[in-house]
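Enquirer: Below are the structure tokens for one structure; questions will follow.
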Amino acid sequence: MRTRKQVYLDHSASTPVDPRVVEAMLPYFGEVYGNPSSTHRFGGRAERAIEDARISVAGILNCQPSEVIFTSCGTESDNLAIRGAGWSARHRGQPSRLVTSPIEHSAVINTVKQLGALMGFETQIVPVDNFGLIDSEIFAEACQRGGALASIIYASNELGTIQDLPLLSRIAHAHDMLLHTDAVQAGGQLDLDVERLGVDMLSLSAHKFYGPKGVGLLYVKDGLELAPSQSGGGHEHGMRAGTHNTAFIVGMAKALELAYDENDQRVQHFTEMRDHLIQGILDRLSCAELSGHPDRRLPSHASFILHGIDANALMMHLDMHGVAASSGSACKTGNPEPSEILLGLGYSEDEAKSGLRLSVGMQTTEDDIGYALDVLETAADKLGKLKREMAR
Ligand code: PLP
């Protein structure tokens, strides 16, 4: 084994804040401290920074600045989209059915389930194929039954699979359904042009693209009515009350700008590192099966089922040797329950406890990948043997 190093392969959980983003945020922790809603010049400076950030984000999303709602995180954006559209449809006396998929982040699936359980919303979870792709025919049948909203994840946090959003939005619209997408994992890597994607709402979170944690946004197509889930002052066109976090909003816009200015280089680097990792694991770990789609997957994302290996024990072993990975979504780390998403794809309970996610970033090097592969091979060998011995 080589000398121990620190290798961070969990960029799907969070990314480090880019020093250029920190630099852009600094004035808003110090000299520009006014409340952006105040009418005096102190407030005015902060408000201008927020409106500049909104214009910059809108340029990348190809939407109007007024269609960008700033929130406190990706989870809040998802909640606002689903509750807002559901409540609003119900208030208008329109069908309030909610359609989603089994591979959504908990921010979406638990919100849909809660609306179903507590408020009697009819919900439908459309199945996906073995790669995690939505079956467009079943999706069409689900939309044909009518409803308030379909919410489909753009790129899966657990599988990396990328959905065909232009197709899904055409289907949803043909049946007068709105389409929201959780684009939290896609942000900074995939096309976010809302016209091309055809979506009505789109959620992002800054900490997935080298911005700060605790800030996100929701694109809401002009004219769409959303009942606010957080009431208070009239911030964000009355859709999201609460004093703006000026520094973080500025930081998010800067991070998004950098991600798309440098998109070609970043995606090329991520793809090279990811493919190196996938090839290495499939060559060296006989127990490994790639999960998610082989081609339609996030450039930074590699995920596997390691047959016969307990992923939580593996995580501990990797961590002891300086390698940060995830056994599924970050929110589940340390949770010995099988992954709901893998169960939903038809994997057994044991297989659903053997998921491994490795996600590369801007600083990942070939050497990091080589080191992680060595550690992984040794750990998988040990744990595999242990499991076989215990089974005897
Ligand atoms: N949606 C997806 C797909 C995610 O991966 C995450 C975070 O892991 C979220 C939503 C939640 O975002 P946040 O951490 O900003 O609440």
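By order of appearance in the structure tokens: chains A, B, ..., then residues from 1 within every chain, and ligands from 1 in the order shown.
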List the spatial neighbours of A:Pro36 as a list of chain:residue names - criterion: any atom at most 6 Å away, only C-alpha atoms, same-chain residues fewer than 2 positions off excluded.

Expert: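 Here the answer would be A:Ser38, A:Gly43, A:Ala46, A:Glu47.
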
Enquirer: Can I get the selection written as a compact mmCIF listing (two decimals), in the first residue's frame, with C-alpha atoms?

Expert:
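The resulting file, result_17.txt, is shown below:
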# COMPACT_ATOMS: atom_id res chain seq x y z
CA SER A 38 -34.31 48.71 3.16
CA GLY A 43 -29.90 48.58 1.60
CA ALA A 46 -27.05 45.03 -1.12
CA GLU A 47 -30.16 45.02 -3.31

Enquirer: Would you name the residues within 10 Å of ligand 1, counting only C-alpha atoms and all ligand atoms, and put them as a PyMOL selection string?

Expert: chain A and resi 11-14+71-79+103-108+153-158+160+181-187+203-208+212-217+329-332

Enquirer: DSSP on the backbone, then: every residue of stretch 112-237 of chain A marked strand (DSSP E), written as a list in words.

Expert: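 Strand (DSSP E) assignments inside stretch 112-237 of chain A correspond to Thr123, Gln124, Ile125, Leu149, Ala150, Ser151, Leu178, Leu179, His180, Thr181, Asp182, Met201, Leu202, Ser203, Leu204, Ser205, Gly216, Leu217, Leu218, Tyr219 and Val220 of chain A.
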
Enquirer: So that I have them on file, write out the residues from the current selection with N, CA and C atoms, as a short mmCIF file (atom, residue, chain, number, x, y, z; two decimals), in the first residue's frame.

Expert:
data_model
loop_
_atom_site.label_atom_id
_atom_site.label_comp_id
_atom_site.auth_asym_id
_atom_site.auth_seq_id
_atom_site.Cartn_x
_atom_site.Cartn_y
_atom_site.Cartn_z
N THR A 123 -51.07 10.71 -5.42
CA THR A 123 -49.69 10.70 -5.91
C THR A 123 -49.45 9.47 -6.77
N GLN A 124 -48.55 9.59 -7.71
CA GLN A 124 -48.19 8.44 -8.54
C GLN A 124 -46.68 8.43 -8.75
N ILE A 125 -46.08 7.28 -8.50
CA ILE A 125 -44.63 7.14 -8.71
C ILE A 125 -44.43 6.27 -9.93
N LEU A 149 -48.69 18.59 -11.12
CA LEU A 149 -47.25 18.69 -11.35
C LEU A 149 -46.61 17.30 -11.47
N ALA A 150 -45.63 17.23 -12.39
CA ALA A 150 -44.72 16.08 -12.38
C ALA A 150 -43.36 16.62 -11.96
N SER A 151 -42.68 15.89 -11.07
CA SER A 151 -41.35 16.31 -10.63
C SER A 151 -40.39 15.17 -10.90
N LEU A 178 -47.58 20.49 -15.36
CA LEU A 178 -46.33 21.25 -15.22
C LEU A 178 -45.20 20.27 -14.95
N LEU A 179 -43.99 20.62 -15.38
CA LEU A 179 -42.84 19.77 -15.06
C LEU A 179 -41.81 20.54 -14.25
N HIS A 180 -41.55 20.03 -13.05
CA HIS A 180 -40.45 20.55 -12.23
C HIS A 180 -39.31 19.57 -12.31
N THR A 181 -38.07 20.09 -12.34
CA THR A 181 -36.93 19.19 -12.23
C THR A 181 -36.00 19.61 -11.11
N ASP A 182 -35.55 18.60 -10.36
CA ASP A 182 -34.51 18.80 -9.37
C ASP A 182 -33.19 18.67 -10.14
N MET A 201 -40.21 24.54 -13.87
CA MET A 201 -39.49 24.91 -12.64
C MET A 201 -38.23 24.07 -12.57
N LEU A 202 -37.21 24.66 -11.97
CA LEU A 202 -35.92 23.94 -11.87
C LEU A 202 -35.21 24.36 -10.59
N SER A 203 -34.77 23.37 -9.80
CA SER A 203 -34.10 23.65 -8.52
C SER A 203 -32.59 23.50 -8.65
N LEU A 204 -31.86 24.40 -7.99
CA LEU A 204 -30.39 24.31 -7.93
C LEU A 204 -29.92 24.57 -6.50
N SER A 205 -28.72 24.10 -6.20
CA SER A 205 -28.11 24.34 -4.89
C SER A 205 -26.63 24.66 -5.11
N GLY A 216 -29.75 28.37 -2.46
CA GLY A 216 -30.21 27.68 -3.66
C GLY A 216 -31.12 28.60 -4.44
N LEU A 217 -31.70 28.06 -5.50
CA LEU A 217 -32.66 28.87 -6.25
C LEU A 217 -33.69 27.97 -6.91
N LEU A 218 -34.80 28.59 -7.24
CA LEU A 218 -35.84 27.91 -8.01
C LEU A 218 -36.18 28.78 -9.20
N TYR A 219 -36.03 28.21 -10.40
CA TYR A 219 -36.55 28.90 -11.59
C TYR A 219 -38.05 28.62 -11.63
N VAL A 220 -38.85 29.68 -11.78
CA VAL A 220 -40.31 29.52 -11.89
C VAL A 220 -40.76 30.26 -13.13
#

Enquirer: Within 8 Å of A:Val128, counting only C-alpha atoms, which residues qualify if same-chain residues fewer than 3 places away don't, as a PDB file with N, CA, C and O atoms, in the first residue's frame?

Expert:
ATOM      1  N   SER A 101     -40.892  10.110  -9.543  1.00  0.00           N
ATOM      2  CA  SER A 101     -40.215   8.849  -9.862  1.00  0.00           C
ATOM      3  C   SER A 101     -39.640   8.236  -8.583  1.00  0.00           C
ATOM      4  O   SER A 101     -39.488   8.929  -7.570  1.00  0.00           O
ATOM      5  N   PRO A 102     -39.264   6.955  -8.640  1.00  0.00           N
ATOM      6  CA  PRO A 102     -38.726   6.327  -7.421  1.00  0.00           C
ATOM      7  C   PRO A 102     -37.271   6.689  -7.169  1.00  0.00           C
ATOM      8  O   PRO A 102     -36.709   6.258  -6.170  1.00  0.00           O
ATOM      9  N   ILE A 103     -36.645   7.441  -8.065  1.00  0.00           N
ATOM     10  CA  ILE A 103     -35.211   7.725  -7.870  1.00  0.00           C
ATOM     11  C   ILE A 103     -34.977   9.189  -7.506  1.00  0.00           C
ATOM     12  O   ILE A 103     -33.881   9.715  -7.684  1.00  0.00           O
ATOM     13  N   PHE A 131     -31.542   1.093 -15.612  1.00  0.00           N
ATOM     14  CA  PHE A 131     -30.527   2.152 -15.591  1.00  0.00           C
ATOM     15  C   PHE A 131     -31.021   3.389 -14.843  1.00  0.00           C
ATOM     16  O   PHE A 131     -30.297   4.366 -14.709  1.00  0.00           O
ATOM     17  N   GLY A 132     -32.282   3.381 -14.457  1.00  0.00           N
ATOM     18  CA  GLY A 132     -32.834   4.551 -13.772  1.00  0.00           C
ATOM     19  C   GLY A 132     -33.486   5.539 -14.719  1.00  0.00           C
ATOM     20  O   GLY A 132     -33.787   6.668 -14.334  1.00  0.00           O
ATOM     21  N   LEU A 133     -33.729   5.115 -15.972  1.00  0.00           N
ATOM     22  CA  LEU A 133     -34.390   6.026 -16.923  1.00  0.00           C
ATOM     23  C   LEU A 133     -35.910   5.862 -16.838  1.00  0.00           C
ATOM     24  O   LEU A 133     -36.412   4.737 -16.778  1.00  0.00           O
ATOM     25  N   ILE A 134     -36.609   7.010 -16.856  1.00  0.00           N
ATOM     26  CA  ILE A 134     -38.077   6.974 -16.827  1.00  0.00           C
ATOM     27  C   ILE A 134     -38.580   6.359 -18.128  1.00  0.00           C
ATOM     28  O   ILE A 134     -38.100   6.714 -19.217  1.00  0.00           O
ATOM     29  N   ASP A 135     -39.560   5.476 -18.004  1.00  0.00           N
ATOM     30  CA  ASP A 135     -40.199   4.917 -19.190  1.00  0.00           C
ATOM     31  C   ASP A 135     -41.182   5.973 -19.707  1.00  0.00           C
ATOM     32  O   ASP A 135     -42.160   6.313 -19.043  1.00  0.00           O
ATOM     33  N   LEU A 345     -35.026  -0.147  -7.994  1.00  0.00           N
ATOM     34  CA  LEU A 345     -34.552  -0.637  -9.296  1.00  0.00           C
ATOM     35  C   LEU A 345     -34.623  -2.158  -9.376  1.00  0.00           C
ATOM     36  O   LEU A 345     -34.244  -2.753 -10.378  1.00  0.00           O
TER      37      LEU A 345
END

Enquirer: Using only C-alpha atoms for the distances, tell me which of A:Leu256, A:Ala174, A:Leu190, A:Ala140 is nearest to A:Ile60.

Expert: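 Among the listed residues, A:Leu256 lies closest to A:Ile60.
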
Enquirer: Can you measure atom CA of A:Tyr260 to atom CA of A:Leu80 for me? One decimal in Å is fine.

Expert: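 Between atom CA of A:Tyr260 and atom CA of A:Leu80 the gap is 25.7 Å.
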
Enquirer: So, with only C-alpha atoms as the atoms that count, which of A:Met390, A:Cys63, A:Met273, A:Met320 lies closest to A:Gly308?

Expert: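 Among the listed residues, the smallest separation from A:Gly308 belongs to A:Met390.
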
Enquirer: Kindly give the distance, in Å, that separates atom CA of A:Ser354 and atom CA of A:Asp283, rounded to a single decimal.

Expert: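 Between atom CA of A:Ser354 and atom CA of A:Asp283 the gap is 18.1 Å.
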
Enquirer: Could you please determine the separation between atom CA of A:Thr271 and atom CA of A:Ala324 in Å, to one decimal place?

Expert: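 Spanning atom CA of A:Thr271 to atom CA of A:Ala324 is a straight-line distance of 19.0 Å.
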
Enquirer: Neighbours of A:Glu236 within 10 Å (only C-alpha atoms; same-chain residues fewer than 6 positions away dropped), as a PyMOL selection string?

Expert: chain A and resi 66-71+242-244

Enquirer: May I have the selected residues written with C-alpha atoms, as a compact mmCIF listing (two decimals), in the first residue's frame?

Expert:
# COMPACT_ATOMS: atom_id res chain seq x y z
CA SER A 66 -37.85 37.88 -12.50
CA GLU A 67 -38.21 34.10 -12.97
CA VAL A 68 -35.36 33.36 -10.52
CA ILE A 69 -36.37 32.86 -6.85
CA PHE A 70 -33.54 32.70 -4.31
CA THR A 71 -33.93 30.14 -1.52
CA GLY A 242 -37.23 36.08 4.49
CA THR A 243 -34.32 38.52 4.43
CA HIS A 244 -31.95 37.67 1.60

Enquirer: Name the residues of stretch 265-329 of chain A that come out as alpha helix (DSSP H) in a backbone DSSP run; write them as JSON, numbers by chain.

Expert: {"A": [265, 266, 267, 268, 269, 270, 271, 272, 273, 274, 275, 276, 277, 278, 279, 280, 281, 282, 283, 284, 311, 312, 313, 314, 315, 316, 317, 318, 319, 320]}

Enquirer: If you count only C-alpha atoms, which residues fall within 12 Å of A:Met119, apart from same-chain ones fewer than 2 positions away, as JSON, numbers by chain?

Expert: {"A": [83, 86, 87, 90, 96, 97, 111, 112, 113, 114, 115, 116, 117, 121, 122, 123]}

Enquirer: Just C-alpha atoms for this one: save the residues we selected as a compact mmCIF listing (two decimals), in the first residue's frame.

Expert:
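Saved to selection-v5.txt:
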# COMPACT_ATOMS: atom_id res chain seq x y z
CA ARG A 83 -46.00 22.33 -2.31
CA GLY A 86 -49.87 21.43 -5.39
CA TRP A 87 -51.49 23.93 -3.03
CA ARG A 90 -55.97 22.71 -5.08
CA SER A 96 -53.88 18.26 -7.63
CA ARG A 97 -52.32 14.88 -8.47
CA THR A 111 -42.47 16.09 0.12
CA VAL A 112 -44.72 14.27 -2.34
CA LYS A 113 -45.37 11.47 0.17
CA GLN A 114 -46.14 13.97 2.94
CA LEU A 115 -48.65 15.84 0.77
CA GLY A 116 -50.26 12.48 0.03
CA ALA A 117 -50.35 11.31 3.65
CA PHE A 121 -53.07 14.56 -2.52
CA GLU A 122 -53.24 11.74 -5.03
CA THR A 123 -49.69 10.70 -5.91

Enquirer: Kindly indicate which residue among A:Leu258, A:Leu197, A:Ala302, A:Leu224 lies nearest to A:Glu272, using only C-alpha atoms for the distances.

Expert: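 Ranked by minimum distance to A:Glu272, first place goes to A:Ala302.
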
Enquirer: Given only C-alpha atoms as the basis, pick out the residue of A:Ala311, A:Met362, A:Leu277, A:Val375 nearest to A:Glu337.

Expert: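 Checking each candidate against A:Glu337, we get A:Ala311 as the closest.
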
Enquirer: With only C-alpha atoms as the atoms that count, which of A:Thr161, A:Ser37, A:Gln363, A:Thr378 lies nearest to A:Leu314?

Expert: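 Counting only C-alpha atoms, the residue closest to A:Leu314 is A:Thr378.
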
Enquirer: Please provide as a PDB file with C-alpha atoms, in the first residue's frame all residues within 12 Å of A:Thr365, with the sequence filter that same-chain residues fewer than 4 positions apart are discarded (counting only C-alpha atoms).

Expert:
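File produced: selection13.pdb:
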ATOM      1  CA  GLN A   6      -6.368  12.381   1.513  1.00  0.00           C
ATOM      2  CA  VAL A   7      -8.533  11.776  -1.532  1.00  0.00           C
ATOM      3  CA  TYR A   8     -11.952  13.403  -1.684  1.00  0.00           C
ATOM      4  CA  LEU A   9     -14.257  11.518  -4.026  1.00  0.00           C
ATOM      5  CA  HIS A 269     -11.651  16.698 -16.757  1.00  0.00           C
ATOM      6  CA  PHE A 270     -14.543  15.143 -14.812  1.00  0.00           C
ATOM      7  CA  GLU A 272     -11.616  11.598 -17.901  1.00  0.00           C
ATOM      8  CA  MET A 273     -11.297  11.067 -14.150  1.00  0.00           C
ATOM      9  CA  ARG A 274     -14.678   9.323 -13.899  1.00  0.00           C
ATOM     10  CA  HIS A 276     -10.533   6.128 -15.311  1.00  0.00           C
ATOM     11  CA  LEU A 277     -12.235   5.299 -12.030  1.00  0.00           C
ATOM     12  CA  VAL A 360     -14.732  13.415  -8.888  1.00  0.00           C
ATOM     13  CA  GLY A 361     -14.050  17.148  -8.896  1.00  0.00           C
ATOM     14  CA  ILE A 369      -7.638   7.799  -8.612  1.00  0.00           C
ATOM     15  CA  GLY A 370      -4.690   5.377  -8.531  1.00  0.00           C
ATOM     16  CA  TYR A 371      -4.478   5.656  -4.742  1.00  0.00           C
ATOM     17  CA  ALA A 372      -8.245   5.233  -4.282  1.00  0.00           C
TER      18      ALA A 372
END

Enquirer: Here is a test: counting only C-alpha atoms, which residue of A:Ser88, A:Thr364, A:Thr246, A:Ser327 is nearest to A:Phe29?

Expert: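 Selected residue with least distance to A:Phe29: A:Thr246.
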